[in-house]
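*Asks:* My file is final-v8.cif. It has mmCIF, C-alpha atoms:
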```cif
data_final
loop_
_atom_site.label_atom_id
_atom_site.label_comp_id
_atom_site.auth_asym_id
_atom_site.auth_seq_id
_atom_site.Cartn_x
_atom_site.Cartn_y
_atom_site.Cartn_z
CA MET X 1 54.35 114.66 48.52
CA GLU X 2 56.98 112.58 46.83
CA ILE X 3 57.90 109.24 48.34
CA ASN X 4 60.54 106.78 47.27
CA LEU X 5 60.85 103.42 49.02
CA TRP X 6 61.48 99.75 48.40
CA ILE X 7 58.90 97.06 49.02
CA ASN X 8 60.31 93.54 48.90
CA GLY X 9 63.29 94.85 46.98
CA LYS X 10 61.27 96.66 44.33
CA GLU X 11 61.51 100.45 44.16
CA PHE X 12 58.34 102.54 44.27
CA LYS X 13 58.16 106.27 43.59
CA ASP X 14 54.88 108.03 44.05
CA ASP X 15 53.02 111.05 45.34
CA VAL X 16 51.16 110.55 48.62
CA LEU X 17 49.04 112.71 50.86
CA PRO X 18 50.95 113.64 54.07
CA ASP X 19 48.54 111.67 56.26
CA THR X 20 48.64 108.46 54.24
CA VAL X 21 49.54 105.57 56.52
CA LEU X 22 51.97 102.93 55.38
CA ILE X 23 49.41 100.11 55.19
CA ASP X 24 47.36 102.04 52.64
CA PHE X 25 50.40 102.77 50.52
CA ILE X 26 51.59 99.16 50.61
CA ARG X 27 48.19 97.74 49.73
CA SER X 28 47.79 100.28 46.93
CA LYS X 29 50.86 98.67 45.38
CA GLY X 30 49.24 95.25 45.43
CA PHE X 31 50.73 93.74 48.59
CA TYR X 32 47.49 92.44 49.99
CA SER X 33 49.04 90.15 52.61
CA VAL X 34 49.16 93.21 54.87
CA LYS X 35 45.80 93.22 56.60
CA ARG X 36 43.86 95.91 58.37
CA GLY X 37 43.03 94.86 61.94
CA CYS X 38 42.27 96.97 64.99
CA GLU X 39 43.83 100.16 63.60
CA THR X 40 44.53 101.20 67.18
CA SER X 41 48.13 99.92 67.35
CA ASN X 42 47.12 96.91 69.39
CA CYS X 43 46.63 93.73 67.38
CA GLY X 44 49.79 93.40 65.29
CA LEU X 45 47.93 92.21 62.18
CA CYS X 46 49.37 94.98 59.98
CA THR X 47 52.99 94.15 60.92
CA VAL X 48 55.60 94.69 58.23
CA LEU X 49 59.36 94.94 58.53
CA MET X 50 61.06 98.29 58.01
CA ASP X 51 64.77 97.75 57.54
CA GLY X 52 64.27 94.37 59.18
CA LYS X 53 62.42 95.62 62.26
CA PRO X 54 58.75 94.85 62.84
CA ILE X 55 56.52 97.92 62.85
CA LEU X 56 52.80 98.65 62.75
CA SER X 57 51.96 99.81 59.25
CA CYS X 58 48.52 101.04 60.38
CA SER X 59 50.10 103.63 62.67
CA THR X 60 53.18 104.62 60.71
CA LEU X 61 53.00 107.43 58.20
CA ALA X 62 53.91 106.33 54.68
CA LEU X 63 56.34 109.26 54.52
CA ARG X 64 58.24 107.76 57.43
CA GLY X 65 59.04 104.88 55.08
CA ASN X 66 60.72 107.22 52.63
CA GLY X 67 64.15 105.82 51.72
CA HIS X 68 63.59 102.60 53.66
CA ASP X 69 63.20 98.91 52.84
CA ILE X 70 59.79 97.45 53.59
CA THR X 71 59.22 93.71 53.73
CA THR X 72 55.86 91.96 53.60
CA ILE X 73 55.06 88.25 53.47
CA GLU X 74 55.25 88.37 49.69
CA GLY X 75 58.94 89.19 50.10
CA ILE X 76 59.70 86.24 52.38
CA GLU X 77 57.35 83.74 50.85
CA GLU X 78 59.66 80.76 51.27
CA GLU X 79 60.24 81.34 54.98
CA ALA X 80 56.58 82.13 55.54
CA LEU X 81 55.52 78.90 53.81
CA GLU X 82 57.98 76.91 55.87
CA PHE X 83 56.77 78.37 59.14
CA GLY X 84 53.16 77.97 57.96
CA GLY X 85 53.82 74.25 57.77
CA PHE X 86 54.84 74.20 61.44
CA MET X 87 51.69 76.11 62.32
CA ALA X 88 49.55 73.58 60.46
CA ASP X 89 51.34 70.67 62.15
CA GLN X 90 50.64 72.14 65.58
CA GLY X 91 47.03 73.11 64.91
CA ALA X 92 48.01 76.73 65.33
CA GLU X 93 46.24 77.87 62.19
CA GLN X 94 42.67 78.46 63.30
CA CYS X 95 40.65 81.19 61.57
CA GLY X 96 43.90 82.47 60.08
CA PHE X 97 43.03 86.13 60.53
CA CYS X 98 46.06 86.95 62.65
CA SER X 99 48.52 84.82 60.68
CA PRO X 100 50.05 87.44 58.33
CA GLY X 101 51.14 89.75 61.13
CA PHE X 102 52.02 86.86 63.40
CA ILE X 103 54.31 85.27 60.81
CA MET X 104 56.06 88.59 60.10
CA THR X 105 56.80 89.02 63.81
CA VAL X 106 58.05 85.44 64.17
CA ILE X 107 60.43 85.93 61.23
CA ALA X 108 61.66 89.23 62.75
CA MET X 109 62.20 87.51 66.09
CA LYS X 110 64.14 84.67 64.45
CA ASN X 111 66.42 87.23 62.84
CA GLU X 112 66.84 89.34 65.99
CA LEU X 113 67.11 86.85 68.88
CA THR X 114 69.46 83.92 69.23
CA ASN X 115 67.95 80.86 70.89
CA PRO X 116 65.16 82.80 72.62
CA SER X 117 63.69 81.34 75.80
CA GLU X 118 59.96 80.69 76.10
CA GLU X 119 59.66 83.90 78.08
CA GLU X 120 61.47 85.87 75.36
CA ILE X 121 59.27 84.34 72.66
CA LYS X 122 56.11 85.27 74.56
CA ASN X 123 57.42 88.76 75.14
CA TYR X 124 58.32 89.29 71.49
CA LEU X 125 54.92 88.04 70.33
CA ASN X 126 53.02 90.05 72.94
CA GLY X 127 51.82 92.51 70.32
CA ASN X 128 50.16 89.92 68.09
CA LEU X 129 46.66 89.14 69.24
CA CYS X 130 44.86 85.95 68.18
CA ARG X 131 41.09 86.21 68.50
CA CYS X 132 40.85 82.40 68.51
CA THR X 133 43.27 82.48 71.47
CA GLY X 134 45.36 79.79 69.82
CA TYR X 135 48.47 80.89 71.65
CA MET X 136 49.66 77.48 72.86
CA GLY X 137 49.58 76.04 69.36
CA GLN X 138 51.45 79.08 68.09
CA LEU X 139 54.06 78.69 70.82
CA ARG X 140 54.57 75.02 69.96
CA ALA X 141 54.92 75.90 66.29
CA ILE X 142 57.52 78.56 67.01
CA LYS X 143 59.55 76.25 69.23
CA LYS X 144 59.55 73.48 66.61
CA TYR X 145 60.44 75.97 63.90
CA LEU X 146 63.35 77.41 65.90
CA GLU X 147 64.52 73.92 66.89
CA LYS X 148 64.73 72.97 63.25
CA GLY X 149 66.62 76.15 62.45
CA SER X 150 69.21 75.50 65.15
CA LYS X 151 69.94 71.96 63.93
CA MET J 1 41.76 109.76 62.52
CA PHE J 2 44.00 112.80 62.36
CA THR J 3 44.61 114.72 59.18
CA ILE J 4 47.81 116.41 58.02
CA ASP J 5 47.95 119.24 55.50
CA ASN J 6 51.72 119.36 55.15
CA TYR J 7 54.68 117.27 56.22
CA VAL J 8 58.01 118.92 56.96
CA MET J 9 61.27 117.09 57.55
CA ALA J 10 62.99 119.63 59.80
CA GLU J 11 66.53 120.53 58.79
CA ASN J 12 67.46 121.90 62.20
CA LEU J 13 65.95 122.50 65.61
CA GLU J 14 65.43 126.22 65.06
CA GLU J 15 63.28 125.50 62.03
CA ALA J 16 61.32 122.87 63.97
CA TYR J 17 60.84 125.23 66.92
CA SER J 18 59.76 128.08 64.71
CA LEU J 19 57.19 125.94 62.90
CA ASN J 20 55.96 124.51 66.18
CA GLN J 21 54.87 127.94 67.43
CA ASN J 22 51.78 127.70 65.25
CA ARG J 23 49.05 125.97 67.24
CA ARG J 24 47.98 123.84 64.28
CA ASN J 25 51.46 122.39 63.83
CA VAL J 26 52.73 119.35 65.68
CA ILE J 27 56.09 117.73 66.34
CA LEU J 28 55.80 114.05 65.40
CA GLY J 29 56.86 111.35 67.81
CA GLY J 30 56.04 107.80 66.84
CA THR J 31 52.45 108.80 65.84
CA MET J 32 51.08 105.70 67.59
CA TRP J 33 48.91 107.76 69.92
CA LEU J 34 48.53 110.88 67.77
CA ARG J 35 46.98 108.79 65.03
CA LEU J 36 44.11 107.77 67.30
CA GLY J 37 43.01 111.36 67.76
CA ARG J 38 41.12 113.64 65.42
CA LYS J 39 43.51 116.54 65.36
CA LYS J 40 43.55 118.59 62.17
CA ILE J 41 47.27 119.16 61.82
CA GLY J 42 48.61 121.95 59.66
CA LYS J 43 52.26 121.01 59.44
CA ALA J 44 53.53 117.73 60.83
CA ILE J 45 57.14 118.36 61.85
CA ASP J 46 59.45 115.37 61.66
CA LEU J 47 62.74 115.41 63.62
CA SER J 48 63.92 112.09 62.13
CA SER J 49 66.80 113.58 60.17
CA LEU J 50 68.38 115.45 63.09
CA GLY J 51 70.36 112.53 64.51
CA LEU J 52 68.33 112.42 67.70
CA ASN J 53 67.88 108.65 67.70
CA ASN J 54 71.02 107.69 69.63
CA ILE J 55 71.76 106.71 73.20
CA GLU J 56 75.07 108.22 74.30
CA GLU J 57 76.94 107.35 77.46
CA ASP J 58 79.76 108.98 79.37
CA ASP J 59 81.10 108.56 82.90
CA GLU J 60 78.28 110.55 84.50
CA LYS J 61 75.17 110.07 82.44
CA PHE J 62 73.15 108.59 79.63
CA THR J 63 71.81 110.98 77.01
CA ILE J 64 68.88 109.60 75.06
CA GLY J 65 67.80 111.41 71.90
CA CYS J 66 64.11 112.23 71.69
CA MET J 67 63.65 110.09 68.58
CA CYS J 68 64.95 106.94 70.26
CA THR J 69 62.24 104.34 70.27
CA LEU J 70 61.06 102.53 73.35
CA ARG J 71 62.58 99.41 71.81
CA ASN J 72 65.96 101.19 71.63
CA ILE J 73 65.92 101.85 75.35
CA GLU J 74 64.59 98.37 76.10
CA THR J 75 67.44 96.63 74.28
CA ASN J 76 70.31 98.95 75.22
CA LYS J 77 72.48 96.70 77.37
CA SER J 78 74.54 99.46 78.89
CA LEU J 79 71.51 101.46 80.00
CA ASN J 80 69.89 98.44 81.55
CA LYS J 81 72.94 97.47 83.58
CA TYR J 82 71.92 100.35 85.82
CA PHE J 83 69.00 100.74 88.21
CA ASN J 84 68.24 97.00 88.33
CA GLY J 85 67.09 97.13 84.74
CA ILE J 86 63.88 99.03 85.52
CA ILE J 87 63.99 101.00 82.28
CA ALA J 88 63.63 97.85 80.18
CA LYS J 89 61.14 96.49 82.67
CA SER J 90 58.99 99.60 82.42
CA VAL J 91 58.55 99.35 78.64
CA ASN J 92 58.33 95.59 78.46
CA ASN J 93 54.54 95.45 78.68
CA ILE J 94 53.81 98.35 76.36
CA VAL J 95 51.73 96.56 73.72
CA GLY J 96 54.30 94.75 71.58
CA VAL J 97 57.69 94.98 69.94
CA GLN J 98 56.14 96.56 66.83
CA LEU J 99 54.65 99.45 68.76
CA ARG J 100 57.84 99.89 70.75
CA ASN J 101 59.77 100.09 67.48
CA GLY J 102 57.63 103.12 66.63
CA ALA J 103 56.85 104.96 69.86
CA THR J 104 59.55 107.47 70.81
CA ILE J 105 60.85 108.46 74.23
CA GLY J 106 60.42 112.13 73.32
CA GLY J 107 56.80 111.72 72.31
CA THR J 108 56.03 109.70 75.41
CA LEU J 109 57.64 112.08 77.90
CA PHE J 110 56.68 115.37 76.28
CA SER J 111 53.02 114.37 76.29
CA ARG J 112 53.19 113.42 79.97
CA PHE J 113 50.55 110.77 79.44
CA GLY J 114 48.57 109.79 82.51
CA PHE J 115 49.09 106.10 81.71
CA SER J 116 52.82 106.31 81.02
CA ASP J 117 55.01 103.49 82.27
CA VAL J 118 58.19 105.25 81.12
CA LEU J 119 57.42 108.49 82.92
CA THR J 120 56.78 106.56 86.13
CA ALA J 121 60.08 104.68 85.96
CA LEU J 122 62.22 107.65 84.94
CA LEU J 123 60.79 109.85 87.69
CA SER J 124 62.27 107.51 90.25
CA LEU J 125 65.76 108.11 88.79
CA ASP J 126 67.88 111.26 88.58
CA THR J 127 66.40 112.25 85.22
CA TYR J 128 66.38 115.53 83.30
CA VAL J 129 64.90 116.69 80.02
CA ASN J 130 66.78 119.00 77.70
CA LEU J 131 64.36 121.48 76.12
CA TYR J 132 65.30 123.58 73.12
CA LYS J 133 64.35 126.88 74.74
CA GLY J 134 63.75 125.81 78.31
CA GLY J 135 67.17 124.25 78.85
CA ILE J 136 67.83 121.34 81.15
CA VAL J 137 64.97 120.77 83.58
CA PRO J 138 64.57 117.99 86.18
CA LEU J 139 61.91 115.56 85.01
CA SER J 140 60.22 115.99 88.39
CA ASP J 141 59.65 119.68 87.52
CA PHE J 142 58.88 119.07 83.86
CA VAL J 143 56.09 116.66 84.71
CA ASN J 144 54.19 119.48 86.39
CA MET J 145 54.86 122.15 83.76
CA PRO J 146 52.01 123.04 81.40
CA LEU J 147 52.22 121.77 77.84
CA ASP J 148 53.88 124.35 75.62
CA ASN J 149 55.47 124.61 72.19
CA ASP J 150 59.05 123.86 73.19
CA ILE J 151 60.92 120.84 71.86
CA LEU J 152 62.26 118.03 74.02
CA ILE J 153 65.68 117.33 72.49
CA ASN J 154 66.94 114.58 74.74
CA VAL J 155 66.56 112.88 78.09
CA ILE J 156 69.46 112.77 80.52
CA ILE J 157 69.72 110.07 83.15
CA LYS J 158 72.47 110.58 85.69
CA LYS J 159 74.41 107.49 86.60
CA ASP J 160 74.44 106.60 90.27
CA SER J 161 74.35 103.44 92.30
CA ARG J 162 70.71 103.72 93.28
CA ARG J 163 68.68 100.59 93.65
CA ALA J 164 65.34 100.66 91.94
CA SER J 165 62.31 98.51 91.41
CA TYR J 166 59.31 98.78 89.08
CA LEU J 167 55.98 96.98 89.13
CA THR J 168 52.64 97.45 87.49
CA HIS J 169 49.21 95.90 87.74
CA ARG J 170 47.43 95.29 84.45
CA LYS J 171 44.21 93.60 83.46
CA SER J 172 46.05 91.88 80.65
CA SER J 173 49.74 91.82 79.87
CA SER J 174 49.80 94.35 77.04
CA ASP J 175 47.04 96.65 78.28
CA LEU J 176 47.62 100.06 79.83
CA PRO J 177 48.42 99.72 83.53
CA VAL J 178 45.74 99.99 86.18
CA LEU J 179 48.54 101.30 88.35
CA ALA J 180 52.29 101.67 87.89
CA CYS J 181 54.79 102.01 90.72
CA ALA J 182 58.50 102.73 90.78
CA VAL J 183 60.63 103.01 93.90
CA SER J 184 64.29 103.86 94.17
CA ASN J 185 66.71 104.31 97.03
CA TYR J 186 69.92 106.29 96.96
CA ASP J 187 71.98 107.73 99.74
CA GLY J 188 69.20 107.73 102.31
CA GLU J 189 66.55 109.09 99.95
CA TRP J 190 63.58 107.18 98.68
CA ASN J 191 61.74 108.11 95.53
CA VAL J 192 58.28 106.62 95.34
CA VAL J 193 56.41 107.20 92.08
CA LEU J 194 52.87 106.18 91.30
CA GLY J 195 51.66 106.42 87.72
CA ALA J 196 48.48 105.57 85.83
CA ARG J 197 46.52 106.76 88.88
CA PRO J 198 44.96 107.33 86.16
CA MET J 199 46.45 110.82 86.30
CA LYS J 200 50.07 111.49 85.37
CA ALA J 201 52.73 110.02 87.55
CA LYS J 202 53.47 111.63 90.90
CA LEU J 203 56.78 111.51 92.72
CA ILE J 204 57.15 111.57 96.48
CA ASN J 205 60.66 112.07 97.82
CA ILE J 206 61.23 110.73 101.32
CA LYS J 207 64.44 111.17 103.22
CA LYS J 208 64.75 108.17 105.50
CA ASN J 209 67.71 106.47 107.04
CA TYR J 210 68.31 103.28 105.15
CA ASN J 211 69.15 101.39 108.34
CA LEU J 212 65.62 101.45 109.57
CA THR J 213 63.94 98.10 109.63
CA LYS J 214 61.87 97.33 106.59
CA ASP J 215 58.49 97.55 108.32
CA ASP J 216 59.26 100.99 109.71
CA VAL J 217 60.19 102.27 106.30
CA VAL J 218 57.17 100.79 104.61
CA GLU J 219 54.59 101.91 107.12
CA GLU J 220 55.87 105.44 107.20
CA MET J 221 56.04 105.64 103.44
CA LEU J 222 52.54 104.29 103.02
CA GLU J 223 51.25 106.92 105.41
CA ILE J 224 53.01 109.69 103.48
CA ILE J 225 51.65 108.34 100.20
CA LYS J 226 48.12 108.23 101.57
CA GLN J 227 48.40 111.88 102.54
CA ASN J 228 50.01 113.11 99.34
CA ILE J 229 48.89 111.04 96.37
CA GLY J 230 45.33 110.92 95.13
CA PHE J 231 43.84 108.19 92.99
CA GLY J 232 41.07 108.52 90.45
CA SER J 233 38.62 106.10 88.89
CA ASN J 234 38.13 104.96 85.34
CA TYR J 235 36.85 101.78 83.71
CA ARG J 236 40.06 99.97 84.62
CA GLY J 237 39.59 100.46 88.32
CA SER J 238 38.24 102.69 91.07
CA GLY J 239 40.29 105.12 93.09
CA LYS J 240 39.82 102.94 96.15
CA TYR J 241 41.05 99.87 94.27
CA ARG J 242 44.11 101.80 93.11
CA GLN J 243 44.80 102.90 96.68
CA ILE J 244 44.86 99.26 97.79
CA LEU J 245 47.02 98.30 94.82
CA ALA J 246 49.41 101.14 95.61
CA GLU J 247 50.08 99.71 99.07
CA VAL J 248 50.83 96.30 97.61
CA LEU J 249 53.09 97.55 94.83
CA VAL J 250 55.01 99.94 97.09
CA ARG J 251 55.56 97.17 99.64
CA ARG J 252 56.78 94.77 96.99
CA ASN J 253 59.10 97.33 95.43
CA ILE J 254 60.61 98.27 98.79
CA ASP J 255 60.97 94.59 99.62
CA GLU J 256 62.83 94.05 96.36
CA ILE J 257 65.17 96.94 97.07
CA ILE J 258 65.87 96.05 100.69
CA SER J 259 66.03 92.29 100.53
CA GLY J 260 67.09 91.85 96.96
CA GLY J 261 63.91 89.90 96.30
CA ASN J 262 62.35 89.76 92.89
CA HIS J 263 58.60 90.04 92.57
CA GLY J 264 57.19 89.09 89.21
CA ASN J 265 54.88 91.50 87.48
#
```
Give the structure from this file in C-alpha cells form.

*Replies:*
Amino acid sequence: MEINLWINGKEFKDDVLPDTVLIDFIRSKGFYSVKRGCETSNCGLCTVLMDGKPILSCSTLALRGNGHDITTIEGIEEEALEFGGFMADQGAEQCGFCSPGFIMTVIAMKNELTNPSEEEIKNYLNGNLCRCTGYMGQLRAIKKYLEKGSK
Amino acid sequence: MFTIDNYVMAENLEEAYSLNQNRRNVILGGTMWLRLGRKKIGKAIDLSSLGLNNIEEDDEKFTIGCMCTLRNIETNKSLNKYFNGIIAKSVNNIVGVQLRNGATIGGTLFSRFGFSDVLTALLSLDTYVNLYKGGIVPLSDFVNMPLDNDILINVIIKKDSRRASYLTHRKSSSDLPVLACAVSNYDGEWNVVLGARPMKAKLINIKKNYNLTKDDVVEEMLEIIKQNIGFGSNYRGSGKYRQILAEVLVRRNIDEIISGGNHGN
C-alpha cells in the first residue's frame, strides 16, 4: 500500500505491507537511532515523535504515519547532543541502551510541559525503562537541563 | 505478531460496520494490544478519518470519540474538573505517555479487558457507550454484553456532582494492576467497582443514606462486596490476596469521599 510521510522534514513515498510497523519503515530509510527494545509496548526504547507527540514506533502501524511528520534523534541532533551532555555530567549514561528513546521522551516533555515538577517529570518518563536502573542520574540530568532552559 | 492482508481507511461508519461483519476483519484501536496477538487479520479497518478523536462538552455531558487516546482524556482539563479527577488518575499508570498517545478509549472499552483501569473508573460514573447499531447503552450493561461486530462510536459521561475516588495496587508503577477500585457517591447511591480481579470490572450499586457514619457504610459495603464479587488468581496475585486488597482499597476510597482525604496510589 502507498505511504507518504515526512521523517525529520524529508518526504518519503513508498509501498508498504499493511502490517509493517513504523519502526521497521523508519529504520529501512536509514534512521538507525530508533532501536528495537521489548516490542511489547513497555520499554519506550522505540520512541519517536509523530507531529510532536511521543509514540511507540514498535506498536504503531506504518500506515498510521501516513501524512504525518515523524521525528527521530537524527532530526533533533543539536538538542539531543546538548541533553546528552547533561546526562554525561550526571553519570546518567550507563550502558546507553535506553538513551535514544529516553532522550526523545525528554525532548517531547520539554516541549509539552512548562516547568514540570519532579512528580510530573517522573510521570512523563514512566514509559522509558532503564535496565541499569539509572533513574536518579537521569532525573538529575533532566532537572539541570530544564533549569538551564528556563534561565 | 499479528498479520494484516489489507488496510482500509473507512470513509464512513456504514462502510466500517459492513466490513466488520466478516469475522477475519478487525476495527483498529491503538493496536498496542492487538499487535501482541497472533491474529490473522483480513481487513484492518481504520476509523481515523471519521473525526472521532474529539472530546465534546455541553451542559449535561461529555462525549468522547472512540479514537480519542488515553492521553487525550488524561490531559483534558474540563473533563478532569469533574469526579475528583479520577479519569486522569485511572490512566496515569498505564505504561507511559507514549503508549497513552496510541491506545484509544474505544479500543480499551470495546474489548472490555479484564485488566482495564479505564473501564473500572468509568463504571463508577454515569457512563454510556454509543454503538452504531446497538444505540446508547449504559456502560454497566455493555460490560456484560458478549463481544459482537458492532462499532463503539463514542463514550458519553453524564455530568453530575458525584464524588469519586480511584485507587489501584500494582507491583510496579507502570505494570497492569493487581487490583483496581473505583468508588463514587451521588444522591445516596454508592457505586463500588472492582477491576483487574483479574476478570473484567464489576460494579455493585448500593443505595445507602449518606448520613450514616463512615464505619457503618464501610462495613456494610464490604459485606455486600464479599457476597457479590469474586476474585481470581494469576501470577500477579491470588484470589485471597485480591480479596484482602479489595477491603483496603474500598475503605480508602470511601474515606477519601467522606472525609475529603487523599490516599496516594

*Asks:* Hey, which of X:Glu147, X:Glu11, X:Glu79, X:Glu39 ends up closest to chain J? Count only C-alpha atoms.

*Replies:*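 Closest to chain J of all the choices is X:Glu39.
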
*Asks:* Please write the residues picked by the PyMOL selection byres ((chain X) within 10 of (chain J)) on this file as a PyMOL selection string.

*Replies:* chain X and resi 1+17-21+39-44+46-50+53-61+63-64+105+109+123-129

*Asks:* Taking all atoms listed in the file into account, name the residue in X:Leu139, X:Leu146, X:Met87, X:Ile121 that is nearest to X:Ser99.

*Replies:*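 Under the stated criterion, the closest residue is X:Met87.
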
*Asks:* Can you measure atom CA of X:Lys143 to atom CA of X:Ile103 for me? One decimal in Å is fine.

*Replies:*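 Spanning atom CA of X:Lys143 to atom CA of X:Ile103 is a straight-line distance of 13.4 Å.
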
*Asks:* Give me the residues within 10 Å of stretch 247-256 of chain J as a PyMOL selection string, counting all atoms listed in the file and dropping any in the same chain fewer than 4 places off.

*Replies:* chain J and resi 163-169+179-185+190+192-194+214-215+217-219+221-223+225-226+242-243+260-265

*Asks:* Do you know which residues lie at most 10 Å from (71.8, 102.2, 92.4), with coordinates as in the file and only C-alpha atoms counted, and could you write them as a list in words?

*Replies:*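 Here is the list of nearby residues: Tyr82, Phe83, Asn84, Leu125, Lys159, Asp160, Ser161, Arg162, Arg163, Ala164, Ser184, Asn185, Tyr186, Asp187 and Ile257 of chain J.
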
*Asks:* Please, could you write that set of residues out with C-alpha atoms as an mmCIF file, in the coordinates of the input?

*Replies:*
```cif
data_model
loop_
_atom_site.group_PDB
_atom_site.id
_atom_site.type_symbol
_atom_site.label_atom_id
_atom_site.label_comp_id
_atom_site.auth_asym_id
_atom_site.auth_seq_id
_atom_site.Cartn_x
_atom_site.Cartn_y
_atom_site.Cartn_z
ATOM 1 C CA TYR J 82 71.920 100.350 85.820
ATOM 2 C CA PHE J 83 69.000 100.740 88.210
ATOM 3 C CA ASN J 84 68.240 97.000 88.330
ATOM 4 C CA LEU J 125 65.760 108.110 88.790
ATOM 5 C CA LYS J 159 74.410 107.490 86.600
ATOM 6 C CA ASP J 160 74.440 106.600 90.270
ATOM 7 C CA SER J 161 74.350 103.440 92.300
ATOM 8 C CA ARG J 162 70.710 103.720 93.280
ATOM 9 C CA ARG J 163 68.680 100.590 93.650
ATOM 10 C CA ALA J 164 65.340 100.660 91.940
ATOM 11 C CA SER J 184 64.290 103.860 94.170
ATOM 12 C CA ASN J 185 66.710 104.310 97.030
ATOM 13 C CA TYR J 186 69.920 106.290 96.960
ATOM 14 C CA ASP J 187 71.980 107.730 99.740
ATOM 15 C CA ILE J 257 65.170 96.940 97.070
#
```

*Asks:* Please identify all polymer residues within 12 Å of stretch 139-147 of chain J, counting only C-alpha atoms, omitting same-chain residues fewer than 5 positions from it, and present them as a VMD selection string.

*Replies:* chain J and resid 23 108 to 114 116 118 to 131 134 152 154 to 158 191 to 193 195 199 to 205

*Asks:* Looking at J:Ile73, J:Asp150, J:Ile64, J:Asn80, which one is nearest to J:Tyr132, with distances taken over only C-alpha atoms?

*Replies:*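 Using only C-alpha atoms, J:Tyr132 sits closest to J:Asp150.
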
*Asks:* Expressed in Å to a single decimal, how great is the separation between atom CA of J:Asn72 and atom CA of X:Glu112?

*Replies:*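 Pair atom CA of J:Asn72 / atom CA of X:Glu112 returns 13.2 Å.
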
*Asks:* Could you tell me, as a list in words, which residues have any atom at most 8 Å from (65.5, 111.3, 69.8), counting only C-alpha atoms?

*Replies:*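 Protein and nucleic acid residues near the point are Leu47, Ser48, Gly51, Leu52, Asn53, Asn54, Ile64, Gly65, Cys66, Met67, Cys68, Thr69, Thr104, Ile105, Gly106, Ile153 and Asn154 of chain J.
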
*Asks:* Hey, can you check how far atom CA of X:Glu82 sits from atom CA of X:Gln94?

*Replies:*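 Separating atom CA of X:Glu82 from atom CA of X:Gln94 is a distance of 17.1 Å.
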
*Asks:* Could you tell me which residues the PyMOL selection byres ((chain X and resi 144) around 12) returns for this structure, as a JSON list (two decimals) with C-alpha atoms, in the coordinates of the input?

*Replies:*
```json
[["chain", "number", "residue", "atom", "x", "y", "z"],
["X", 82, "GLU", "CA", 57.98, 76.91, 55.87],
["X", 83, "PHE", "CA", 56.77, 78.37, 59.14],
["X", 84, "GLY", "CA", 53.16, 77.97, 57.96],
["X", 85, "GLY", "CA", 53.82, 74.25, 57.77],
["X", 86, "PHE", "CA", 54.84, 74.20, 61.44],
["X", 87, "MET", "CA", 51.69, 76.11, 62.32],
["X", 88, "ALA", "CA", 49.55, 73.58, 60.46],
["X", 89, "ASP", "CA", 51.34, 70.67, 62.15],
["X", 90, "GLN", "CA", 50.64, 72.14, 65.58],
["X", 115, "ASN", "CA", 67.95, 80.86, 70.89],
["X", 118, "GLU", "CA", 59.96, 80.69, 76.10],
["X", 137, "GLY", "CA", 49.58, 76.04, 69.36],
["X", 138, "GLN", "CA", 51.45, 79.08, 68.09],
["X", 139, "LEU", "CA", 54.06, 78.69, 70.82],
["X", 140, "ARG", "CA", 54.57, 75.02, 69.96],
["X", 141, "ALA", "CA", 54.92, 75.90, 66.29],
["X", 142, "ILE", "CA", 57.52, 78.56, 67.01],
["X", 143, "LYS", "CA", 59.55, 76.25, 69.23],
["X", 145, "TYR", "CA", 60.44, 75.97, 63.90],
["X", 146, "LEU", "CA", 63.35, 77.41, 65.90],
["X", 147, "GLU", "CA", 64.52, 73.92, 66.89],
["X", 148, "LYS", "CA", 64.73, 72.97, 63.25],
["X", 149, "GLY", "CA", 66.62, 76.15, 62.45],
["X", 150, "SER", "CA", 69.21, 75.50, 65.15],
["X", 151, "LYS", "CA", 69.94, 71.96, 63.93]]
```

*Asks:* Let me make sure I understand: among J:Leu28, J:Ile86, J:Val178, J:Ile258, which one has the smallest atom-to-atom distance to J:Asn234 if we use all atoms listed in the file?

*Replies:*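 Of J:Leu28, J:Ile86, J:Val178, J:Ile258, the one nearest J:Asn234 is J:Val178, counting all atoms listed in the file.
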
*Asks:* Please, can stretch 240-249 of chain J be completed to N, CA and C atoms and returned as an mmCIF file, keeping the file's coordinate frame?

*Replies:*
```cif
data_model
loop_
_atom_site.group_PDB
_atom_site.id
_atom_site.type_symbol
_atom_site.label_atom_id
_atom_site.label_comp_id
_atom_site.auth_asym_id
_atom_site.auth_seq_id
_atom_site.Cartn_x
_atom_site.Cartn_y
_atom_site.Cartn_z
ATOM 1 N N LYS J 240 39.588 103.719 94.941
ATOM 2 C CA LYS J 240 39.820 102.940 96.150
ATOM 3 C C LYS J 240 40.636 101.678 95.846
ATOM 4 N N TYR J 241 40.303 101.068 94.701
ATOM 5 C CA TYR J 241 41.050 99.870 94.270
ATOM 6 C C TYR J 241 42.513 100.234 94.035
ATOM 7 N N ARG J 242 42.721 101.368 93.389
ATOM 8 C CA ARG J 242 44.110 101.800 93.110
ATOM 9 C C ARG J 242 44.874 102.068 94.415
ATOM 10 N N GLN J 243 44.154 102.626 95.390
ATOM 11 C CA GLN J 243 44.800 102.900 96.680
ATOM 12 C C GLN J 243 45.294 101.600 97.313
ATOM 13 N N ILE J 244 44.468 100.563 97.231
ATOM 14 C CA ILE J 244 44.860 99.260 97.790
ATOM 15 C C ILE J 244 46.035 98.680 97.000
ATOM 16 N N LEU J 245 45.926 98.788 95.669
ATOM 17 C CA LEU J 245 47.020 98.300 94.820
ATOM 18 C C LEU J 245 48.327 99.023 95.132
ATOM 19 N N ALA J 246 48.212 100.333 95.361
ATOM 20 C CA ALA J 246 49.410 101.140 95.610
ATOM 21 C C ALA J 246 50.170 100.594 96.819
ATOM 22 N N GLU J 247 49.432 100.251 97.863
ATOM 23 C CA GLU J 247 50.080 99.710 99.070
ATOM 24 C C GLU J 247 50.852 98.444 98.735
ATOM 25 N N VAL J 248 50.209 97.590 97.951
ATOM 26 C CA VAL J 248 50.830 96.300 97.610
ATOM 27 C C VAL J 248 52.087 96.520 96.756
ATOM 28 N N LEU J 249 51.954 97.364 95.736
ATOM 29 C CA LEU J 249 53.090 97.550 94.830
ATOM 30 C C LEU J 249 54.256 98.264 95.517
#
```
